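Everything below belongs to upload_13.pdb, which stores PDB, C-alpha atoms.
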```pdb
ATOM      1  CA  MET A   1       7.009  15.379 -12.698
ATOM      2  CA  ASN A   2       7.542  13.373 -15.756
ATOM      3  CA  LEU A   3       8.557   9.900 -16.730
ATOM      4  CA  LYS A   4      11.545   9.042 -18.868
ATOM      5  CA  ILE A   5      11.269   5.680 -20.577
ATOM      6  CA  ASP A   6      14.505   4.145 -21.863
ATOM      7  CA  ILE A   7      14.305   0.841 -23.673
ATOM      8  CA  LEU A   8      17.501  -1.181 -24.101
ATOM      9  CA  ARG A   9      17.349  -4.154 -26.404
ATOM     10  CA  GLU A  10      19.581  -7.129 -26.965
ATOM     11  CA  GLU A  11      17.933  -9.648 -29.298
ATOM     12  CA  ASN A  12      14.685 -10.491 -27.555
ATOM     13  CA  ASN A  13      15.809  -9.281 -24.145
ATOM     14  CA  TYR A  14      14.561  -5.861 -23.182
ATOM     15  CA  ILE A  15      15.276  -3.620 -20.244
ATOM     16  CA  VAL A  16      12.739  -0.851 -19.736
ATOM     17  CA  ARG A  17      14.260   1.733 -17.436
ATOM     18  CA  LEU A  18      11.747   4.073 -15.818
ATOM     19  CA  THR A  19      13.031   7.340 -14.394
ATOM     20  CA  GLY A  20      10.577   9.653 -12.654
ATOM     21  CA  GLU A  21       6.929   9.410 -11.675
ATOM     22  CA  ILE A  22       4.255   6.996 -12.887
ATOM     23  CA  ASP A  23       0.824   8.532 -12.407
ATOM     24  CA  VAL A  24      -2.386   9.281 -14.316
ATOM     25  CA  TYR A  25      -0.453  11.639 -16.590
ATOM     26  CA  THR A  26       2.500   9.417 -17.488
ATOM     27  CA  ALA A  27       0.913   5.939 -17.272
ATOM     28  CA  PRO A  28      -0.722   6.075 -20.753
ATOM     29  CA  LYS A  29       2.676   6.724 -22.406
ATOM     30  CA  LEU A  30       4.206   3.860 -20.484
ATOM     31  CA  LYS A  31       1.402   1.562 -21.557
ATOM     32  CA  ASP A  32       1.868   2.522 -25.211
ATOM     33  CA  LYS A  33       5.556   1.639 -25.084
ATOM     34  CA  LEU A  34       5.423  -1.400 -22.852
ATOM     35  CA  LEU A  35       2.489  -3.394 -24.199
ATOM     36  CA  PRO A  36       3.850  -3.915 -27.743
ATOM     37  CA  LEU A  37       6.993  -5.474 -26.229
ATOM     38  CA  THR A  38       4.898  -8.043 -24.372
ATOM     39  CA  GLU A  39       2.996  -9.029 -27.504
ATOM     40  CA  LYS A  40       5.835 -10.860 -29.226
ATOM     41  CA  GLU A  41       6.360 -14.482 -28.270
ATOM     42  CA  GLY A  42       9.642 -15.196 -26.513
ATOM     43  CA  ASN A  43      10.366 -11.599 -25.502
ATOM     44  CA  LYS A  44      11.931 -11.256 -22.073
ATOM     45  CA  ILE A  45      11.261  -7.882 -20.527
ATOM     46  CA  LYS A  46      12.747  -6.479 -17.355
ATOM     47  CA  ILE A  47      11.293  -3.286 -15.978
ATOM     48  CA  ASP A  48      13.923  -1.419 -13.981
ATOM     49  CA  LEU A  49      12.294   0.575 -11.178
ATOM     50  CA  ALA A  50      15.517   1.747  -9.493
ATOM     51  CA  ASN A  51      14.818   5.377 -10.381
ATOM     52  CA  THR A  52      11.049   5.320 -10.202
ATOM     53  CA  THR A  53      10.310   7.909  -7.542
ATOM     54  CA  TYR A  54       6.528   7.616  -7.502
ATOM     55  CA  LEU A  55       3.960   4.974  -8.378
ATOM     56  CA  ASP A  56       0.228   4.649  -7.771
ATOM     57  CA  SER A  57      -2.714   2.554  -8.989
ATOM     58  CA  THR A  58      -2.389   3.886 -12.531
ATOM     59  CA  GLY A  59       1.110   2.391 -12.759
ATOM     60  CA  LEU A  60       0.015  -0.837 -11.106
ATOM     61  CA  GLY A  61      -2.723  -0.997 -13.746
ATOM     62  CA  VAL A  62      -0.171  -0.779 -16.560
ATOM     63  CA  PHE A  63       1.944  -3.546 -15.017
ATOM     64  CA  ILE A  64      -1.136  -5.743 -14.620
ATOM     65  CA  SER A  65      -2.086  -5.249 -18.290
ATOM     66  CA  ALA A  66       1.468  -6.018 -19.353
ATOM     67  CA  TYR A  67       1.589  -9.081 -17.156
ATOM     68  CA  LYS A  68      -1.692 -10.394 -18.589
ATOM     69  CA  SER A  69      -0.368  -9.800 -22.084
ATOM     70  CA  THR A  70       2.776 -11.862 -21.374
ATOM     71  CA  LYS A  71       0.555 -14.772 -20.342
ATOM     72  CA  GLN A  72      -1.430 -14.519 -23.568
ATOM     73  CA  ASN A  73       1.570 -14.100 -25.833
ATOM     74  CA  ASN A  74       4.104 -16.369 -24.200
ATOM     75  CA  SER A  75       6.503 -13.616 -23.299
ATOM     76  CA  ASN A  76       8.034 -12.864 -19.926
ATOM     77  CA  LEU A  77       7.957  -9.874 -17.594
ATOM     78  CA  LYS A  78       9.965  -9.167 -14.502
ATOM     79  CA  LEU A  79      10.154  -6.075 -12.321
ATOM     80  CA  ILE A  80      13.651  -5.407 -11.053
ATOM     81  CA  HIS A  81      15.127  -3.084  -8.409
ATOM     82  CA  VAL A  82      11.798  -2.897  -6.610
ATOM     83  CA  ARG A  83      12.268  -1.137  -3.319
ATOM     84  CA  ASP A  84      10.733   0.617  -0.318
ATOM     85  CA  ARG A  85       7.883   2.815  -1.538
ATOM     86  CA  VAL A  86       7.160   0.973  -4.751
ATOM     87  CA  LEU A  87       7.370  -2.363  -2.958
ATOM     88  CA  ARG A  88       4.937  -1.152  -0.306
ATOM     89  CA  LEU A  89       2.205  -0.597  -2.896
ATOM     90  CA  PHE A  90       2.737  -4.060  -4.380
ATOM     91  CA  GLN A  91       2.471  -5.528  -0.905
ATOM     92  CA  VAL A  92      -0.609  -3.526   0.106
ATOM     93  CA  THR A  93      -2.416  -4.702  -3.026
ATOM     94  CA  GLY A  94      -1.091  -8.284  -2.886
ATOM     95  CA  LEU A  95       0.370  -7.995  -6.377
ATOM     96  CA  HIS A  96       3.814  -9.018  -5.147
ATOM     97  CA  GLU A  97       2.462 -12.558  -4.855
ATOM     98  CA  ILE A  98       1.241 -12.640  -8.442
ATOM     99  CA  MET A  99       3.914 -10.780 -10.361
ATOM    100  CA  ASN A 100       7.585 -11.542 -10.713
ATOM    101  CA  LEU A 101       9.516  -9.067  -8.543
ATOM    102  CA  GLU A 102      13.192  -8.793  -7.797
ATOM    103  CA  ILE A 103      13.449  -6.877  -4.552
ATOM    104  CA  ASP A 104      16.356  -4.626  -3.620
ATOM    105  CA  GLU A 105      17.190  -4.926   0.049
ATOM    106  CA  ARG A 106      18.375  -1.749   1.648
TER     107      ARG A 106
ATOM    108  CA  MET B 107     -14.634  24.587  18.152
ATOM    109  CA  GLU B 108     -11.327  22.956  17.391
ATOM    110  CA  HIS B 109      -8.996  25.314  15.609
ATOM    111  CA  PHE B 110      -7.529  24.458  12.230
ATOM    112  CA  ASP B 111      -5.806  26.200   9.364
ATOM    113  CA  PHE B 112      -7.510  25.808   6.040
ATOM    114  CA  ILE B 113      -5.805  25.711   2.672
ATOM    115  CA  GLU B 114      -7.743  25.436  -0.548
ATOM    116  CA  MET B 115      -6.594  24.898  -4.083
ATOM    117  CA  LYS B 116      -8.385  24.590  -7.353
ATOM    118  CA  VAL B 117      -6.848  23.160 -10.508
ATOM    119  CA  PRO B 118      -8.236  22.071 -13.869
ATOM    120  CA  ALA B 119      -9.385  18.441 -13.719
ATOM    121  CA  LYS B 120      -6.569  17.326 -16.015
ATOM    122  CA  ALA B 121      -4.024  14.563 -15.578
ATOM    123  CA  GLU B 122      -1.030  16.895 -15.784
ATOM    124  CA  TYR B 123      -2.078  18.713 -12.594
ATOM    125  CA  VAL B 124      -2.193  15.672 -10.345
ATOM    126  CA  GLY B 125       1.572  15.941  -9.844
ATOM    127  CA  VAL B 126       1.138  19.561  -8.762
ATOM    128  CA  ILE B 127      -1.312  18.455  -6.092
ATOM    129  CA  ARG B 128       1.239  15.891  -4.888
ATOM    130  CA  LEU B 129       3.872  18.586  -4.514
ATOM    131  CA  SER B 130       1.434  20.698  -2.525
ATOM    132  CA  ILE B 131       0.521  17.986  -0.054
ATOM    133  CA  SER B 132       4.162  17.097   0.292
ATOM    134  CA  GLY B 133       4.890  20.667   1.384
ATOM    135  CA  ILE B 134       1.976  20.881   3.795
ATOM    136  CA  ALA B 135       2.631  17.472   5.351
ATOM    137  CA  SER B 136       6.335  18.067   5.806
ATOM    138  CA  ARG B 137       5.597  21.412   7.469
ATOM    139  CA  MET B 138       3.314  19.569   9.884
ATOM    140  CA  GLY B 139       6.058  17.094  10.737
ATOM    141  CA  PHE B 140       4.794  13.917   9.062
ATOM    142  CA  SER B 141       7.378  11.187   8.525
ATOM    143  CA  TYR B 142       8.809  10.415   5.106
ATOM    144  CA  ASP B 143       6.664   7.276   4.815
ATOM    145  CA  ALA B 144       3.503   9.068   5.899
ATOM    146  CA  ILE B 145       4.120  11.813   3.334
ATOM    147  CA  GLU B 146       4.509   9.207   0.603
ATOM    148  CA  ASP B 147       1.241   7.574   1.720
ATOM    149  CA  LEU B 148      -0.500  10.957   1.607
ATOM    150  CA  LYS B 149       0.837  11.602  -1.897
ATOM    151  CA  VAL B 150      -0.579   8.316  -3.169
ATOM    152  CA  ALA B 151      -3.940   8.783  -1.423
ATOM    153  CA  ILE B 152      -4.518  12.312  -2.729
ATOM    154  CA  SER B 153      -3.379  11.302  -6.232
ATOM    155  CA  GLU B 154      -5.837   8.411  -6.259
ATOM    156  CA  ALA B 155      -8.709  10.694  -5.272
ATOM    157  CA  ALA B 156      -7.638  13.292  -7.851
ATOM    158  CA  THR B 157      -7.215  10.615 -10.534
ATOM    159  CA  ASN B 158     -10.831   9.541 -10.002
ATOM    160  CA  VAL B 159     -12.043  13.101 -10.503
ATOM    161  CA  VAL B 160      -9.871  13.540 -13.609
ATOM    162  CA  ALA B 161     -11.114  10.246 -15.090
ATOM    163  CA  HIS B 162     -14.731  11.359 -14.649
ATOM    164  CA  ALA B 163     -14.001  14.759 -16.129
ATOM    165  CA  TYR B 164     -12.562  13.097 -19.236
ATOM    166  CA  GLU B 165     -15.579  10.795 -19.542
ATOM    167  CA  SER B 166     -17.944  13.738 -19.493
ATOM    168  CA  ASN B 167     -16.617  16.219 -22.084
ATOM    169  CA  GLY B 168     -13.086  16.698 -20.789
ATOM    170  CA  SER B 169     -13.471  19.762 -18.643
ATOM    171  CA  GLY B 170     -14.098  20.467 -15.031
ATOM    172  CA  GLU B 171     -12.338  21.479 -11.887
ATOM    173  CA  LEU B 172     -10.625  19.703  -9.109
ATOM    174  CA  ASN B 173     -11.096  21.259  -5.719
ATOM    175  CA  ILE B 174      -8.851  20.327  -2.834
ATOM    176  CA  GLY B 175      -9.196  21.462   0.771
ATOM    177  CA  PHE B 176      -6.609  20.810   3.448
ATOM    178  CA  GLY B 177      -7.638  21.055   7.098
ATOM    179  CA  VAL B 178      -4.451  21.402   9.106
ATOM    180  CA  TYR B 179      -5.007  20.428  12.750
ATOM    181  CA  ASP B 180      -2.516  20.017  15.583
ATOM    182  CA  ASN B 181      -2.727  16.246  15.442
ATOM    183  CA  ARG B 182      -3.952  15.441  11.945
ATOM    184  CA  LEU B 183      -4.390  16.440   8.331
ATOM    185  CA  GLU B 184      -7.834  16.277   6.761
ATOM    186  CA  ILE B 185      -8.040  16.337   2.990
ATOM    187  CA  MET B 186     -11.142  16.915   0.961
ATOM    188  CA  VAL B 187     -11.116  16.195  -2.746
ATOM    189  CA  SER B 188     -14.126  17.274  -4.765
ATOM    190  CA  ASP B 189     -15.142  17.544  -8.393
ATOM    191  CA  GLN B 190     -17.276  20.586  -7.713
ATOM    192  CA  GLY B 191     -16.300  23.847  -9.342
ATOM    193  CA  GLU B 192     -17.852  25.827  -6.527
ATOM    194  CA  SER B 193     -15.659  26.562  -3.576
ATOM    195  CA  PHE B 194     -16.818  24.430  -0.732
ATOM    196  CA  ARG B 195     -17.459  25.304   2.849
ATOM    197  CA  PHE B 196     -15.106  22.910   4.551
ATOM    198  CA  ASP B 197     -16.799  22.751   7.966
ATOM    199  CA  GLU B 198     -20.276  22.709   6.464
ATOM    200  CA  ILE B 199     -19.538  19.750   4.222
ATOM    201  CA  LYS B 200     -17.663  18.063   7.025
ATOM    202  CA  ASN B 201     -20.766  18.202   9.164
ATOM    203  CA  ARG B 202     -22.803  16.564   6.461
ATOM    204  CA  ILE B 203     -20.209  13.954   5.729
ATOM    205  CA  GLY B 204     -19.319  13.146   9.322
ATOM    206  CA  PRO B 205     -20.546  10.316  11.534
ATOM    207  CA  VAL B 206     -23.580  12.323  12.672
ATOM    208  CA  SER B 207     -25.266  12.339   9.279
ATOM    209  CA  ALA B 208     -23.535   9.221   8.080
ATOM    210  CA  LYS B 209     -26.681   7.208   7.576
ATOM    211  CA  GLU B 210     -27.291   7.331   3.865
ATOM    212  CA  GLU B 211     -24.827   9.501   2.004
ATOM    213  CA  VAL B 212     -21.659   7.994   3.376
ATOM    214  CA  LYS B 213     -20.894   4.486   2.330
ATOM    215  CA  PRO B 214     -18.077   2.304   3.534
ATOM    216  CA  ILE B 215     -15.371   2.162   0.931
ATOM    217  CA  SER B 216     -16.007  -1.526   0.242
ATOM    218  CA  GLN B 217     -19.431  -0.702  -1.142
ATOM    219  CA  MET B 218     -18.258   1.898  -3.619
ATOM    220  CA  ARG B 219     -18.619   0.703  -7.162
ATOM    221  CA  GLU B 220     -15.943   2.598  -8.956
ATOM    222  CA  GLY B 221     -12.256   3.218  -8.483
ATOM    223  CA  GLY B 222     -11.036  -0.307  -7.904
ATOM    224  CA  PHE B 223      -7.440  -0.218  -6.774
ATOM    225  CA  GLY B 224      -7.508   3.534  -6.309
ATOM    226  CA  LEU B 225     -10.096   3.569  -3.554
ATOM    227  CA  PHE B 226      -8.610   0.433  -2.092
ATOM    228  CA  LEU B 227      -5.254   2.187  -1.767
ATOM    229  CA  ILE B 228      -6.786   5.321  -0.262
ATOM    230  CA  ASN B 229      -8.450   3.178   2.354
ATOM    231  CA  ALA B 230      -5.281   1.226   3.081
ATOM    232  CA  LEU B 231      -3.026   4.273   3.380
ATOM    233  CA  MET B 232      -5.209   6.706   5.309
ATOM    234  CA  ASP B 233      -6.560   6.435   8.849
ATOM    235  CA  LYS B 234     -10.117   7.411   7.967
ATOM    236  CA  VAL B 235     -11.946   7.786   4.642
ATOM    237  CA  GLU B 236     -15.456   8.972   3.914
ATOM    238  CA  ILE B 237     -17.246   9.557   0.649
ATOM    239  CA  ASN B 238     -20.236  11.739  -0.021
ATOM    240  CA  ASN B 239     -22.162  11.410  -3.281
ATOM    241  CA  GLU B 240     -24.725  14.089  -2.538
ATOM    242  CA  TYR B 241     -23.258  16.698  -4.877
ATOM    243  CA  GLY B 242     -20.793  15.135  -7.256
ATOM    244  CA  VAL B 243     -18.194  13.112  -5.448
ATOM    245  CA  ILE B 244     -16.430  14.323  -2.341
ATOM    246  CA  VAL B 245     -13.765  12.265  -0.637
ATOM    247  CA  LEU B 246     -12.738  13.224   2.880
ATOM    248  CA  MET B 247      -9.695  11.518   4.267
ATOM    249  CA  THR B 248      -7.745  11.900   7.467
ATOM    250  CA  LYS B 249      -4.230  11.030   8.497
ATOM    251  CA  TYR B 250      -2.984  11.447  12.061
ATOM    252  CA  LEU B 251       0.475  12.702  12.864
ATOM    253  CA  ASP B 252       0.905  10.060  15.514
ATOM    254  CA  GLU B 253      -0.624   6.763  14.545
ATOM    255  CA  THR B 254      -1.376   5.829  18.148
ATOM    256  CA  GLU B 255      -4.061   8.518  18.131
ATOM    257  CA  VAL B 256      -6.242   6.653  15.680
ATOM    258  CA  GLU B 257      -7.913   4.437  18.235
ATOM    259  CA  LEU B 258      -8.405   7.254  20.679
ATOM    260  CA  SER B 259     -10.232   9.404  18.150
ATOM    261  CA  ASP B 260     -12.440   6.509  17.103
ATOM    262  CA  GLN B 261     -13.542   6.184  20.700
ATOM    263  CA  ILE B 262     -14.372   9.841  20.938
ATOM    264  CA  GLN B 263     -16.562   9.699  17.867
ATOM    265  CA  THR B 264     -18.627   6.744  19.000
ATOM    266  CA  LYS B 265     -19.786   8.269  22.240
TER     267      LYS B 265
END
```
Would you put the structure from the file into C-alpha cells?
Amino acid sequence: MNLKIDILREENNYIVRLTGEIDVYTAPKLKDKLLPLTEKEGNKIKIDLANTTYLDSTGLGVFISAYKSTKQNNSNLKLIHVRDRVLRLFQVTGLHEIMNLEIDER
Amino acid sequence: MEHFDFIEMKVPAKAEYVGVIRLSISGIASRMGFSYDAIEDLKVAISEAATNVVAHAYESNGSGELNIGFGVYDNRLEIMVSDQGESFRFDEIKNRIGPVSAKEEVKPISQMREGGFGLFLINALMDKVEINNEYGVIVLMTKYLDETEVELSDQIQTK
C-alpha cells in the first residue's frame, strides 16, 4: 500500500510513472514531487497511470492542483495510460472533460 | 428482525491506516460475492469516509480513532464510519440515523459543507448514504449485491 514515484527526464519532457496506490497517505508525497515540475515554463509532463492500482479524491486533488499550476506557469500536463477504474473516477467527477487524458482501450 | 453479521474494527485516525481499511472491505465484499467493480467502488467510498475522519483528526491535535462497522446482510453491505472512540451500537445508531428519525440530523449529501469531492464520490458510488452529526460525524452507507434491488428497497422504506 504504497506509491512509487519514478521521474524520467529528457530536457524539459518529463514522465512521472506512478506505481501503487494514491490515497490520503501517499498523495502528499506525490504533490511534493509533481508540483515543482509544473512550475517551470515550457515543461511537458506526462503522468503514466498504467500501474496505478488505486486512486481516490486525494489523488484527483493533486492532479487538479498540478493542472492549475500548468495554466499559471505555461507548462503542460497530460495523463497517460488512463484505464478502467481510474478512468471511472475521472468520468464520475467530470474531470475527464477538463483535463488532458490519453485513454487506454482494453 | 433481519439477521446480519457484524464486524467492527478500530484503527488510529492516521493516513497510513486507510489502506488497511481498504484491504478489510475488499476481503469482506469479496466473501459476500460482490463484483470486481463493486468492490473497487466500495474501496473508494470507505476510503473517502475514512479520509474525512483522518483530516479532522489532524486538524484537531493529530490524534483520535477511526471506528468502522460492517453490517453483512444477505443482500447488502452496510458500512458505518465514525470518528468516535467509543464502540458504537450498530443497530441503535442505525435507528437514529434511519429514515424514521431522519428529520433533522440527517442531511442530504448535497447540503453537507465539507468533503467536496470525497462526499460527492461516496454518493455516486454507493446506493444509499446517510450522515449523522449528532455525536461527531457518522457516515452510514449501503451497497446492494444486486443493483436491481435498490428500487425495491426504496419502496419498502417509504411505506
Using all atoms listed in the file, which chain B residues lie at most 6 Å away from chain A, written as a compact mmCIF listing (two decimals) with C-alpha atoms, in the coordinates of the input?
```txt
# COMPACT_ATOMS: atom_id res chain seq x y z
CA ALA B 121 -4.02 14.56 -15.58
CA GLU B 122 -1.03 16.90 -15.78
CA VAL B 150 -0.58 8.32 -3.17
CA PHE B 223 -7.44 -0.22 -6.77
CA GLY B 224 -7.51 3.53 -6.31
```
For the file shown, report as an NGL selection string the outcome of the PyMOL selection byres ((chain A and resi 35-46) around 12) at residue level. :A and (6-18 or 27-34 or 47-50 or 61-82 or 100-102)
Go ahead and save the residues from that selection, with C-alpha atoms, as a PDB file, in the frame of the given file.
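Produced file selection_4.pdb, reproduced below:
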```pdb
ATOM      1  CA  ASP A   6      14.505   4.145 -21.863  1.00  0.00           C
ATOM      2  CA  ILE A   7      14.305   0.841 -23.673  1.00  0.00           C
ATOM      3  CA  LEU A   8      17.501  -1.181 -24.101  1.00  0.00           C
ATOM      4  CA  ARG A   9      17.349  -4.154 -26.404  1.00  0.00           C
ATOM      5  CA  GLU A  10      19.581  -7.129 -26.965  1.00  0.00           C
ATOM      6  CA  GLU A  11      17.933  -9.648 -29.298  1.00  0.00           C
ATOM      7  CA  ASN A  12      14.685 -10.491 -27.555  1.00  0.00           C
ATOM      8  CA  ASN A  13      15.809  -9.281 -24.145  1.00  0.00           C
ATOM      9  CA  TYR A  14      14.561  -5.861 -23.182  1.00  0.00           C
ATOM     10  CA  ILE A  15      15.276  -3.620 -20.244  1.00  0.00           C
ATOM     11  CA  VAL A  16      12.739  -0.851 -19.736  1.00  0.00           C
ATOM     12  CA  ARG A  17      14.260   1.733 -17.436  1.00  0.00           C
ATOM     13  CA  LEU A  18      11.747   4.073 -15.818  1.00  0.00           C
ATOM     14  CA  ALA A  27       0.913   5.939 -17.272  1.00  0.00           C
ATOM     15  CA  PRO A  28      -0.722   6.075 -20.753  1.00  0.00           C
ATOM     16  CA  LYS A  29       2.676   6.724 -22.406  1.00  0.00           C
ATOM     17  CA  LEU A  30       4.206   3.860 -20.484  1.00  0.00           C
ATOM     18  CA  LYS A  31       1.402   1.562 -21.557  1.00  0.00           C
ATOM     19  CA  ASP A  32       1.868   2.522 -25.211  1.00  0.00           C
ATOM     20  CA  LYS A  33       5.556   1.639 -25.084  1.00  0.00           C
ATOM     21  CA  LEU A  34       5.423  -1.400 -22.852  1.00  0.00           C
ATOM     22  CA  ILE A  47      11.293  -3.286 -15.978  1.00  0.00           C
ATOM     23  CA  ASP A  48      13.923  -1.419 -13.981  1.00  0.00           C
ATOM     24  CA  LEU A  49      12.294   0.575 -11.178  1.00  0.00           C
ATOM     25  CA  ALA A  50      15.517   1.747  -9.493  1.00  0.00           C
ATOM     26  CA  GLY A  61      -2.723  -0.997 -13.746  1.00  0.00           C
ATOM     27  CA  VAL A  62      -0.171  -0.779 -16.560  1.00  0.00           C
ATOM     28  CA  PHE A  63       1.944  -3.546 -15.017  1.00  0.00           C
ATOM     29  CA  ILE A  64      -1.136  -5.743 -14.620  1.00  0.00           C
ATOM     30  CA  SER A  65      -2.086  -5.249 -18.290  1.00  0.00           C
ATOM     31  CA  ALA A  66       1.468  -6.018 -19.353  1.00  0.00           C
ATOM     32  CA  TYR A  67       1.589  -9.081 -17.156  1.00  0.00           C
ATOM     33  CA  LYS A  68      -1.692 -10.394 -18.589  1.00  0.00           C
ATOM     34  CA  SER A  69      -0.368  -9.800 -22.084  1.00  0.00           C
ATOM     35  CA  THR A  70       2.776 -11.862 -21.374  1.00  0.00           C
ATOM     36  CA  LYS A  71       0.555 -14.772 -20.342  1.00  0.00           C
ATOM     37  CA  GLN A  72      -1.430 -14.519 -23.568  1.00  0.00           C
ATOM     38  CA  ASN A  73       1.570 -14.100 -25.833  1.00  0.00           C
ATOM     39  CA  ASN A  74       4.104 -16.369 -24.200  1.00  0.00           C
ATOM     40  CA  SER A  75       6.503 -13.616 -23.299  1.00  0.00           C
ATOM     41  CA  ASN A  76       8.034 -12.864 -19.926  1.00  0.00           C
ATOM     42  CA  LEU A  77       7.957  -9.874 -17.594  1.00  0.00           C
ATOM     43  CA  LYS A  78       9.965  -9.167 -14.502  1.00  0.00           C
ATOM     44  CA  LEU A  79      10.154  -6.075 -12.321  1.00  0.00           C
ATOM     45  CA  ILE A  80      13.651  -5.407 -11.053  1.00  0.00           C
ATOM     46  CA  HIS A  81      15.127  -3.084  -8.409  1.00  0.00           C
ATOM     47  CA  VAL A  82      11.798  -2.897  -6.610  1.00  0.00           C
ATOM     48  CA  ASN A 100       7.585 -11.542 -10.713  1.00  0.00           C
ATOM     49  CA  LEU A 101       9.516  -9.067  -8.543  1.00  0.00           C
ATOM     50  CA  GLU A 102      13.192  -8.793  -7.797  1.00  0.00           C
TER      51      GLU A 102
END
```
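What the PyMOL selection byres ((chain B and resi 152) around 9) grabs from this file is Val124, Ile127, Arg128, Ile131, Asp147, Leu148, Lys149, Val150, Ala151, Ser153, Glu154, Ala155, Ala156, Thr157, Ile185, Met186, Val187, Ile228 and Met247 of chain B.
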Atomic distance atom CA of Ala144 of chain B - atom CA of Val126 of chain B, expressed in Å with one decimal: 18.2 Å
Name the residues that the PyMOL selection byres ((chain B and resi 117) around 9) pulls out of this structure, and write them as an mmCIF file with C-alpha atoms, in the coordinates of the input.
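As a result, part.cif now contains:
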```
data_model
loop_
_atom_site.group_PDB
_atom_site.id
_atom_site.type_symbol
_atom_site.label_atom_id
_atom_site.label_comp_id
_atom_site.auth_asym_id
_atom_site.auth_seq_id
_atom_site.Cartn_x
_atom_site.Cartn_y
_atom_site.Cartn_z
ATOM 1 C CA MET B 115 -6.594 24.898 -4.083
ATOM 2 C CA LYS B 116 -8.385 24.590 -7.353
ATOM 3 C CA PRO B 118 -8.236 22.071 -13.869
ATOM 4 C CA ALA B 119 -9.385 18.441 -13.719
ATOM 5 C CA LYS B 120 -6.569 17.326 -16.015
ATOM 6 C CA TYR B 123 -2.078 18.713 -12.594
ATOM 7 C CA VAL B 124 -2.193 15.672 -10.345
ATOM 8 C CA VAL B 126 1.138 19.561 -8.762
ATOM 9 C CA ILE B 127 -1.312 18.455 -6.092
ATOM 10 C CA GLY B 170 -14.098 20.467 -15.031
ATOM 11 C CA GLU B 171 -12.338 21.479 -11.887
ATOM 12 C CA LEU B 172 -10.625 19.703 -9.109
ATOM 13 C CA ASN B 173 -11.096 21.259 -5.719
ATOM 14 C CA ILE B 174 -8.851 20.327 -2.834
#
```
Among the residues B:Ser132, B:Ser188, B:Asn238, B:Thr248, the one that comes closest to His162 of chain B [using all atoms listed in the file]: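 Closest residue, counting all atoms listed in the file: B:Ser188.
Rounded to one decimal, atom CA of Val235 of chain B and atom CA of Lys249 of chain B lie 9.2 Å from each other.
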Atom CA of Ala161 of chain B and atom CA of Asp233 of chain B, how far apart in Å? 24.7 Å
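For the set B:Leu183, B:Leu227, B:Ile237, B:Ile145, the residue with the smallest atom-to-atom gap to Tyr250 of chain B is B:Leu183, counting only C-alpha atoms.
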Taking every listed atom of segment 31-40 of chain A and adding 6 Å to each side, what centre and edge lengths in Å (one decimal) does the axis-aligned box have, as JSON?
```
{"center_x": 4.2, "center_y": -4.2, "center_z": -25.4, "size_x": 17.6, "size_y": 25.4, "size_z": 19.7}
```
